[in-house]
Every structure is written in C-alpha cells, then in structure tokens.
$ cat final.cif   # mmCIF, N, CA and C atoms
data_query
#
loop_
_atom_site.label_atom_id
_atom_site.label_comp_id
_atom_site.auth_asym_id
_atom_site.auth_seq_id
_atom_site.Cartn_x
_atom_site.Cartn_y
_atom_site.Cartn_z
N SER A 1 -4.23 -2.29 -42.65
CA SER A 1 -4.39 -1.33 -41.56
C SER A 1 -5.25 -1.88 -40.42
N SER A 2 -6.11 -2.88 -40.74
CA SER A 2 -6.94 -3.47 -39.68
C SER A 2 -6.06 -4.11 -38.61
N HIS A 3 -4.94 -4.67 -39.04
CA HIS A 3 -3.98 -5.28 -38.11
C HIS A 3 -3.46 -4.23 -37.11
N CYS A 4 -3.22 -3.06 -37.61
CA CYS A 4 -2.70 -1.97 -36.80
C CYS A 4 -3.70 -1.55 -35.72
N THR A 5 -4.97 -1.42 -36.07
CA THR A 5 -5.97 -0.98 -35.09
C THR A 5 -6.17 -2.01 -33.99
N ILE A 6 -6.14 -3.28 -34.36
CA ILE A 6 -6.28 -4.34 -33.35
C ILE A 6 -5.12 -4.22 -32.36
N TRP A 7 -3.91 -4.04 -32.85
CA TRP A 7 -2.73 -3.93 -32.01
C TRP A 7 -2.84 -2.75 -31.04
N SER A 8 -3.26 -1.59 -31.53
CA SER A 8 -3.35 -0.43 -30.66
C SER A 8 -4.45 -0.63 -29.61
N HIS A 9 -5.49 -1.35 -29.98
CA HIS A 9 -6.56 -1.64 -29.02
C HIS A 9 -6.04 -2.55 -27.90
N LEU A 10 -5.32 -3.57 -28.28
CA LEU A 10 -4.73 -4.49 -27.29
C LEU A 10 -3.81 -3.74 -26.34
N LEU A 11 -3.04 -2.85 -26.90
CA LEU A 11 -2.11 -2.06 -26.11
C LEU A 11 -2.87 -1.22 -25.08
N TYR A 12 -3.97 -0.65 -25.53
CA TYR A 12 -4.79 0.17 -24.63
C TYR A 12 -5.35 -0.67 -23.48
N VAL A 13 -5.85 -1.84 -23.80
CA VAL A 13 -6.43 -2.72 -22.78
C VAL A 13 -5.36 -3.12 -21.76
N PHE A 14 -4.18 -3.48 -22.26
CA PHE A 14 -3.10 -3.86 -21.36
C PHE A 14 -2.72 -2.70 -20.45
N ASP A 15 -2.62 -1.53 -21.04
CA ASP A 15 -2.27 -0.34 -20.28
C ASP A 15 -3.25 -0.06 -19.16
N PHE A 16 -4.51 -0.23 -19.47
CA PHE A 16 -5.56 0.03 -18.49
C PHE A 16 -5.46 -0.96 -17.33
N SER A 17 -5.32 -2.24 -17.65
CA SER A 17 -5.25 -3.26 -16.59
C SER A 17 -3.98 -3.10 -15.76
N THR A 18 -2.91 -2.66 -16.40
CA THR A 18 -1.66 -2.43 -15.69
C THR A 18 -1.84 -1.33 -14.66
N ALA A 19 -2.45 -0.24 -15.10
CA ALA A 19 -2.68 0.89 -14.20
C ALA A 19 -3.55 0.46 -13.03
N TYR A 20 -4.54 -0.36 -13.31
CA TYR A 20 -5.45 -0.83 -12.27
C TYR A 20 -4.69 -1.67 -11.24
N LYS A 21 -3.82 -2.54 -11.72
CA LYS A 21 -3.05 -3.41 -10.83
C LYS A 21 -2.09 -2.62 -9.95
N CYS A 22 -1.71 -1.43 -10.41
CA CYS A 22 -0.75 -0.64 -9.66
C CYS A 22 -1.40 0.10 -8.50
N ARG A 23 -2.70 0.16 -8.48
CA ARG A 23 -3.40 0.89 -7.42
C ARG A 23 -3.79 -0.06 -6.30
N CYS A 24 -4.03 0.52 -5.16
CA CYS A 24 -4.56 -0.27 -4.07
C CYS A 24 -6.06 -0.38 -4.31
N THR A 25 -6.55 -1.58 -4.37
CA THR A 25 -7.91 -1.79 -4.83
C THR A 25 -8.97 -1.25 -3.89
N ARG A 26 -8.87 -1.59 -2.61
CA ARG A 26 -9.99 -1.18 -1.76
C ARG A 26 -9.51 -0.33 -0.59
N LYS A 27 -10.45 0.36 -0.05
CA LYS A 27 -10.15 1.17 1.12
C LYS A 27 -10.10 0.23 2.32
N GLY A 28 -9.01 0.24 3.01
CA GLY A 28 -8.86 -0.65 4.16
C GLY A 28 -9.66 -0.14 5.35
N PRO A 29 -9.66 -0.89 6.41
CA PRO A 29 -10.34 -0.45 7.62
C PRO A 29 -9.59 0.72 8.25
N LYS A 30 -10.14 1.30 9.27
CA LYS A 30 -9.44 2.38 9.97
C LYS A 30 -8.27 1.72 10.70
N ILE A 31 -7.08 2.08 10.30
CA ILE A 31 -5.89 1.44 10.86
C ILE A 31 -5.19 2.37 11.84
N ARG A 32 -4.95 1.86 13.02
CA ARG A 32 -4.18 2.60 14.01
C ARG A 32 -2.73 2.17 13.90
N TYR A 33 -1.84 3.13 13.98
CA TYR A 33 -0.42 2.81 13.80
C TYR A 33 0.09 1.77 14.79
N LYS A 34 -0.53 1.71 15.97
CA LYS A 34 -0.07 0.74 16.98
C LYS A 34 -0.45 -0.69 16.62
N ASP A 35 -1.40 -0.84 15.68
CA ASP A 35 -1.79 -2.18 15.23
C ASP A 35 -0.94 -2.68 14.06
N VAL A 36 -0.05 -1.81 13.59
CA VAL A 36 0.79 -2.17 12.44
C VAL A 36 2.05 -2.86 12.92
N GLN A 37 2.32 -4.01 12.34
CA GLN A 37 3.50 -4.78 12.70
C GLN A 37 4.67 -4.40 11.80
N LYS A 38 4.38 -4.22 10.51
CA LYS A 38 5.43 -3.94 9.53
C LYS A 38 4.89 -2.97 8.49
N LEU A 39 5.74 -2.04 8.06
CA LEU A 39 5.34 -1.08 7.05
C LEU A 39 6.39 -1.07 5.94
N GLU A 40 5.93 -1.28 4.72
CA GLU A 40 6.85 -1.29 3.57
C GLU A 40 6.36 -0.33 2.51
N ILE A 41 7.31 0.27 1.82
CA ILE A 41 6.97 1.14 0.69
C ILE A 41 7.55 0.49 -0.54
N LYS A 42 6.67 0.02 -1.42
CA LYS A 42 7.13 -0.71 -2.61
C LYS A 42 6.06 -0.64 -3.70
N PRO A 43 6.45 -0.88 -4.95
CA PRO A 43 5.43 -0.91 -6.01
C PRO A 43 4.53 -2.12 -5.80
N LYS A 44 3.28 -2.01 -6.22
CA LYS A 44 2.34 -3.12 -6.05
C LYS A 44 2.76 -4.30 -6.94
N HIS A 45 3.31 -3.99 -8.10
CA HIS A 45 3.84 -5.00 -9.02
C HIS A 45 5.17 -4.49 -9.54
N PRO A 46 6.04 -5.37 -10.00
CA PRO A 46 7.37 -4.94 -10.47
C PRO A 46 7.33 -3.85 -11.54
N TYR A 47 6.31 -3.85 -12.39
CA TYR A 47 6.29 -2.87 -13.49
C TYR A 47 5.54 -1.59 -13.14
N CYS A 48 5.14 -1.42 -11.90
CA CYS A 48 4.44 -0.19 -11.51
C CYS A 48 5.46 0.88 -11.14
N GLN A 49 5.22 2.10 -11.61
CA GLN A 49 6.12 3.20 -11.30
C GLN A 49 5.94 3.67 -9.86
N GLU A 50 4.69 3.89 -9.50
CA GLU A 50 4.39 4.49 -8.20
C GLU A 50 4.45 3.47 -7.08
N LYS A 51 5.08 3.86 -5.99
CA LYS A 51 5.16 2.95 -4.85
C LYS A 51 3.94 3.13 -3.95
N MET A 52 3.48 2.04 -3.41
CA MET A 52 2.35 2.04 -2.49
C MET A 52 2.85 1.71 -1.10
N ILE A 53 2.01 1.96 -0.12
CA ILE A 53 2.36 1.66 1.26
C ILE A 53 1.69 0.34 1.62
N PHE A 54 2.48 -0.63 2.04
CA PHE A 54 1.92 -1.90 2.49
C PHE A 54 2.10 -2.02 3.98
N VAL A 55 1.01 -2.29 4.68
CA VAL A 55 1.11 -2.49 6.11
C VAL A 55 0.69 -3.91 6.46
N THR A 56 1.49 -4.57 7.27
CA THR A 56 1.14 -5.89 7.78
C THR A 56 0.70 -5.67 9.21
N MET A 57 -0.51 -6.12 9.52
CA MET A 57 -1.08 -5.86 10.83
C MET A 57 -0.56 -6.82 11.89
N GLU A 58 -0.63 -6.38 13.13
CA GLU A 58 -0.31 -7.26 14.26
C GLU A 58 -1.33 -8.39 14.28
N ASN A 59 -1.02 -9.43 14.99
CA ASN A 59 -1.93 -10.57 15.01
C ASN A 59 -3.04 -10.39 16.04
N VAL A 60 -3.71 -9.25 16.00
CA VAL A 60 -4.82 -9.00 16.92
C VAL A 60 -6.10 -9.54 16.29
N SER A 61 -7.07 -9.84 17.11
CA SER A 61 -8.29 -10.52 16.66
C SER A 61 -8.95 -9.85 15.45
N ARG A 62 -8.90 -8.51 15.41
CA ARG A 62 -9.58 -7.80 14.33
C ARG A 62 -8.86 -7.93 12.99
N PHE A 63 -7.55 -8.08 13.00
CA PHE A 63 -6.78 -8.07 11.77
C PHE A 63 -6.13 -9.40 11.40
N LYS A 64 -5.73 -10.17 12.40
CA LYS A 64 -5.09 -11.47 12.18
C LYS A 64 -3.91 -11.40 11.18
N GLY A 65 -3.05 -10.42 11.35
CA GLY A 65 -1.84 -10.34 10.53
C GLY A 65 -2.07 -10.08 9.05
N GLN A 66 -3.21 -9.52 8.70
CA GLN A 66 -3.51 -9.24 7.30
C GLN A 66 -2.63 -8.13 6.74
N GLU A 67 -2.46 -8.14 5.43
CA GLU A 67 -1.70 -7.07 4.77
C GLU A 67 -2.67 -6.16 4.03
N TYR A 68 -2.44 -4.86 4.16
CA TYR A 68 -3.26 -3.89 3.45
C TYR A 68 -2.37 -3.01 2.60
N CYS A 69 -2.91 -2.63 1.44
CA CYS A 69 -2.20 -1.73 0.55
C CYS A 69 -2.88 -0.37 0.66
N LEU A 70 -2.10 0.66 0.94
CA LEU A 70 -2.65 2.00 1.13
C LEU A 70 -2.06 2.96 0.12
N HIS A 71 -2.86 3.90 -0.35
CA HIS A 71 -2.36 4.85 -1.33
C HIS A 71 -1.54 5.94 -0.65
N PRO A 72 -0.30 6.16 -1.12
CA PRO A 72 0.60 7.09 -0.43
C PRO A 72 0.16 8.55 -0.44
N LYS A 73 -0.69 8.93 -1.40
CA LYS A 73 -1.08 10.34 -1.48
C LYS A 73 -2.21 10.72 -0.52
N LEU A 74 -2.87 9.73 0.04
CA LEU A 74 -3.96 10.02 0.98
C LEU A 74 -3.40 10.58 2.27
N GLN A 75 -4.07 11.58 2.79
CA GLN A 75 -3.62 12.21 4.04
C GLN A 75 -3.61 11.20 5.19
N SER A 76 -4.60 10.34 5.23
CA SER A 76 -4.66 9.33 6.30
C SER A 76 -3.45 8.40 6.25
N THR A 77 -3.02 8.06 5.03
CA THR A 77 -1.84 7.20 4.89
C THR A 77 -0.58 7.94 5.33
N LYS A 78 -0.46 9.21 4.93
CA LYS A 78 0.71 10.01 5.32
C LYS A 78 0.81 10.09 6.84
N ASN A 79 -0.33 10.32 7.49
CA ASN A 79 -0.35 10.39 8.96
C ASN A 79 0.05 9.07 9.57
N LEU A 80 -0.48 7.99 9.02
CA LEU A 80 -0.18 6.65 9.54
C LEU A 80 1.32 6.38 9.47
N VAL A 81 1.93 6.68 8.32
CA VAL A 81 3.37 6.45 8.14
C VAL A 81 4.16 7.29 9.14
N LYS A 82 3.77 8.55 9.27
CA LYS A 82 4.47 9.47 10.17
C LYS A 82 4.43 8.96 11.61
N TRP A 83 3.23 8.64 12.08
CA TRP A 83 3.09 8.21 13.47
C TRP A 83 3.69 6.84 13.73
N PHE A 84 3.60 5.98 12.74
CA PHE A 84 4.20 4.65 12.87
C PHE A 84 5.71 4.77 13.07
N ARG A 85 6.33 5.63 12.27
CA ARG A 85 7.79 5.82 12.38
C ARG A 85 8.20 6.43 13.71
N ILE A 86 7.45 7.42 14.16
CA ILE A 86 7.73 8.06 15.45
C ILE A 86 7.61 7.02 16.57
N TRP A 87 6.53 6.26 16.51
CA TRP A 87 6.26 5.24 17.52
C TRP A 87 7.33 4.16 17.53
N LYS A 88 7.73 3.69 16.35
CA LYS A 88 8.77 2.66 16.24
C LYS A 88 10.11 3.18 16.78
N ASP A 89 10.43 4.43 16.47
CA ASP A 89 11.68 5.02 16.96
C ASP A 89 11.70 5.08 18.48
N LYS A 90 10.58 5.46 19.07
CA LYS A 90 10.48 5.52 20.54
C LYS A 90 10.70 4.14 21.14
N HIS A 91 10.09 3.14 20.53
CA HIS A 91 10.17 1.78 21.08
C HIS A 91 11.54 1.16 20.92
N ARG A 92 12.23 1.56 19.87
CA ARG A 92 13.58 1.04 19.65
C ARG A 92 14.51 1.43 20.79
N VAL A 93 14.29 2.62 21.34
CA VAL A 93 15.11 3.11 22.45
C VAL A 93 14.95 2.20 23.67
N TYR A 94 13.70 1.84 23.95
CA TYR A 94 13.43 1.00 25.13
C TYR A 94 13.95 -0.41 24.97
N GLU A 95 13.91 -0.93 23.74
CA GLU A 95 14.33 -2.30 23.51
C GLU A 95 15.86 -2.46 23.64
N ALA A 96 16.58 -1.42 23.28
CA ALA A 96 18.05 -1.50 23.28
C ALA A 96 18.62 -1.68 24.68
#

$ encode --input "final.cif" --output "structure tokens"
Amino acid sequence: SSHCTIWSHLLYVFDFSTAYKCRCTRKGPKIRYKDVQKLEIKPKHPYCQEKMIFVTMENVSRFKGQEYCLHPKLQSTKNLVKWFRIWKDKHRVYEA
C-alpha cells in the first residue's frame, strides 16, 4: 500500500504544477489597447483547459514588443479585448 500513497502524492504534485502553469503568472503593466499589436486567445500550455489572453505589445519604448498573458475573467482584460477589437475594426476600414 505504500506504493499506492507515493503514486497519489506524485499525482497531486503534478496536478498542482499543471494548474499553476495554466495561469498567467504575474500582473502585467497597465496596458492600453492602442499599444497592443496582436491579441490571441489560447491555452497557456497544450494541456490547459482554460484559454488565456495573450497580447503582444507594439514596439514602443516602454514595451519593446513584449508578450503578456492576461487572465480572461478580469474586468480589465475584458475591457481591453473589447476596445482592442473595436479599435482594430475601425482601422481596418481606413486601411482598405
């Protein structure tokens, strides 16, 4: 039975680290939608159920094209996605 308890413990540890990897680790800086170059919605890792919001910043001095992972349930993230899409749609009209 000792073999069994070791196995369940390992499983627990793996589960915990998996869950941790699926989250966005840190709170990013205050991001304005106009500074966002690209926005993607995808899981942080292939085995994560929940999708996160990834934003790639414009190459402005403050961000230098960095990528940030944002949690989709945060109100600030929801607003960012909403405004980014509205803004991109408006700009697409002018470019055409």

$ residues_around --input "final.cif" --residues "Val55 (chain A)" --least-positions-apart "5" --cutoff "5 Å" --atoms "all atoms listed in the file" --output "list in words"
Lys38, Leu39, Glu67 and Tyr68 of chain A

$ residues_around --input "final.cif" --residues "Lys34 (chain A)" --least-positions-apart "2" --cutoff "8 Å" --atoms "all atoms listed in the file" --output "VMD selection string"
chain A and resid 31 to 32 36 to 37 57 to 58 83 to 84 87

$ resolve_selection --input "final.cif" --expression "the PyMOL selection byres ((chain A and resi 71) around 8)" --output "CSV table (one decimal) with N, CA and C atoms, keeping the file's coordinate frame"
chain,number,residue,atom,x,y,z
A,23,ARG,N,-2.7,0.2,-8.5
A,23,ARG,CA,-3.4,0.9,-7.4
A,23,ARG,C,-3.8,-0.1,-6.3
A,24,CYS,N,-4.0,0.5,-5.2
A,24,CYS,CA,-4.6,-0.3,-4.1
A,24,CYS,C,-6.1,-0.4,-4.3
A,25,THR,N,-6.6,-1.6,-4.4
A,25,THR,CA,-7.9,-1.8,-4.8
A,25,THR,C,-9.0,-1.2,-3.9
A,26,ARG,N,-8.9,-1.6,-2.6
A,26,ARG,CA,-10.0,-1.2,-1.8
A,26,ARG,C,-9.5,-0.3,-0.6
A,27,LYS,N,-10.4,0.4,0.0
A,27,LYS,CA,-10.2,1.2,1.1
A,27,LYS,C,-10.1,0.2,2.3
A,28,GLY,N,-9.0,0.2,3.0
A,28,GLY,CA,-8.9,-0.6,4.2
A,28,GLY,C,-9.7,-0.1,5.4
A,51,LYS,N,5.1,3.9,-6.0
A,51,LYS,CA,5.2,3.0,-4.8
A,51,LYS,C,3.9,3.1,-4.0
A,52,MET,N,3.5,2.0,-3.4
A,52,MET,CA,2.4,2.0,-2.5
A,52,MET,C,2.8,1.7,-1.1
A,53,ILE,N,2.0,2.0,-0.1
A,53,ILE,CA,2.4,1.7,1.3
A,53,ILE,C,1.7,0.3,1.6
A,54,PHE,N,2.5,-0.6,2.0
A,54,PHE,CA,1.9,-1.9,2.5
A,54,PHE,C,2.1,-2.0,4.0
A,68,TYR,N,-2.4,-4.9,4.2
A,68,TYR,CA,-3.3,-3.9,3.4
A,68,TYR,C,-2.4,-3.0,2.6
A,69,CYS,N,-2.9,-2.6,1.4
A,69,CYS,CA,-2.2,-1.7,0.6
A,69,CYS,C,-2.9,-0.4,0.7
A,70,LEU,N,-2.1,0.7,0.9
A,70,LEU,CA,-2.6,2.0,1.1
A,70,LEU,C,-2.1,3.0,0.1
A,72,PRO,N,-0.3,6.2,-1.1
A,72,PRO,CA,0.6,7.1,-0.4
A,72,PRO,C,0.2,8.6,-0.4
A,73,LYS,N,-0.7,8.9,-1.4
A,73,LYS,CA,-1.1,10.3,-1.5
A,73,LYS,C,-2.2,10.7,-0.5
A,74,LEU,N,-2.9,9.7,0.0
A,74,LEU,CA,-4.0,10.0,1.0
A,74,LEU,C,-3.4,10.6,2.3
A,75,GLN,N,-4.1,11.6,2.8
A,75,GLN,CA,-3.6,12.2,4.0
A,75,GLN,C,-3.6,11.2,5.2
A,76,SER,N,-4.6,10.3,5.2
A,76,SER,CA,-4.7,9.3,6.3
A,76,SER,C,-3.4,8.4,6.2
A,77,THR,N,-3.0,8.1,5.0
A,77,THR,CA,-1.8,7.2,4.9
A,77,THR,C,-0.6,7.9,5.3
A,78,LYS,N,-0.5,9.2,4.9
A,78,LYS,CA,0.7,10.0,5.3
A,78,LYS,C,0.8,10.1,6.8

$ atom_distance --input "final.cif" --atom1 "CA of Lys44 (chain A)" --atom2 "atom N of Asn59 (chain A)"
22.2 Å

$ residues_around --input "final.cif" --residues "Gln49 (chain A)" --least-positions-apart "3" --cutoff "12 Å" --atoms "only C-alpha atoms" --output "list in words"
Thr18, Ala19, Lys21, Cys22, Arg23, Lys42, Pro43, Lys44, His45, Pro46 and Met52 of chain A

$ atom_distance --input "final.cif" --atom1 "CA of Val60 (chain A)" --atom2 "CA of Lys30 (chain A)"
14.1 Å

$ atom_distance --input "final.cif" --atom1 "atom N of Lys64 (chain A)" --atom2 "CA of Ile86 (chain A)"
22.9 Å
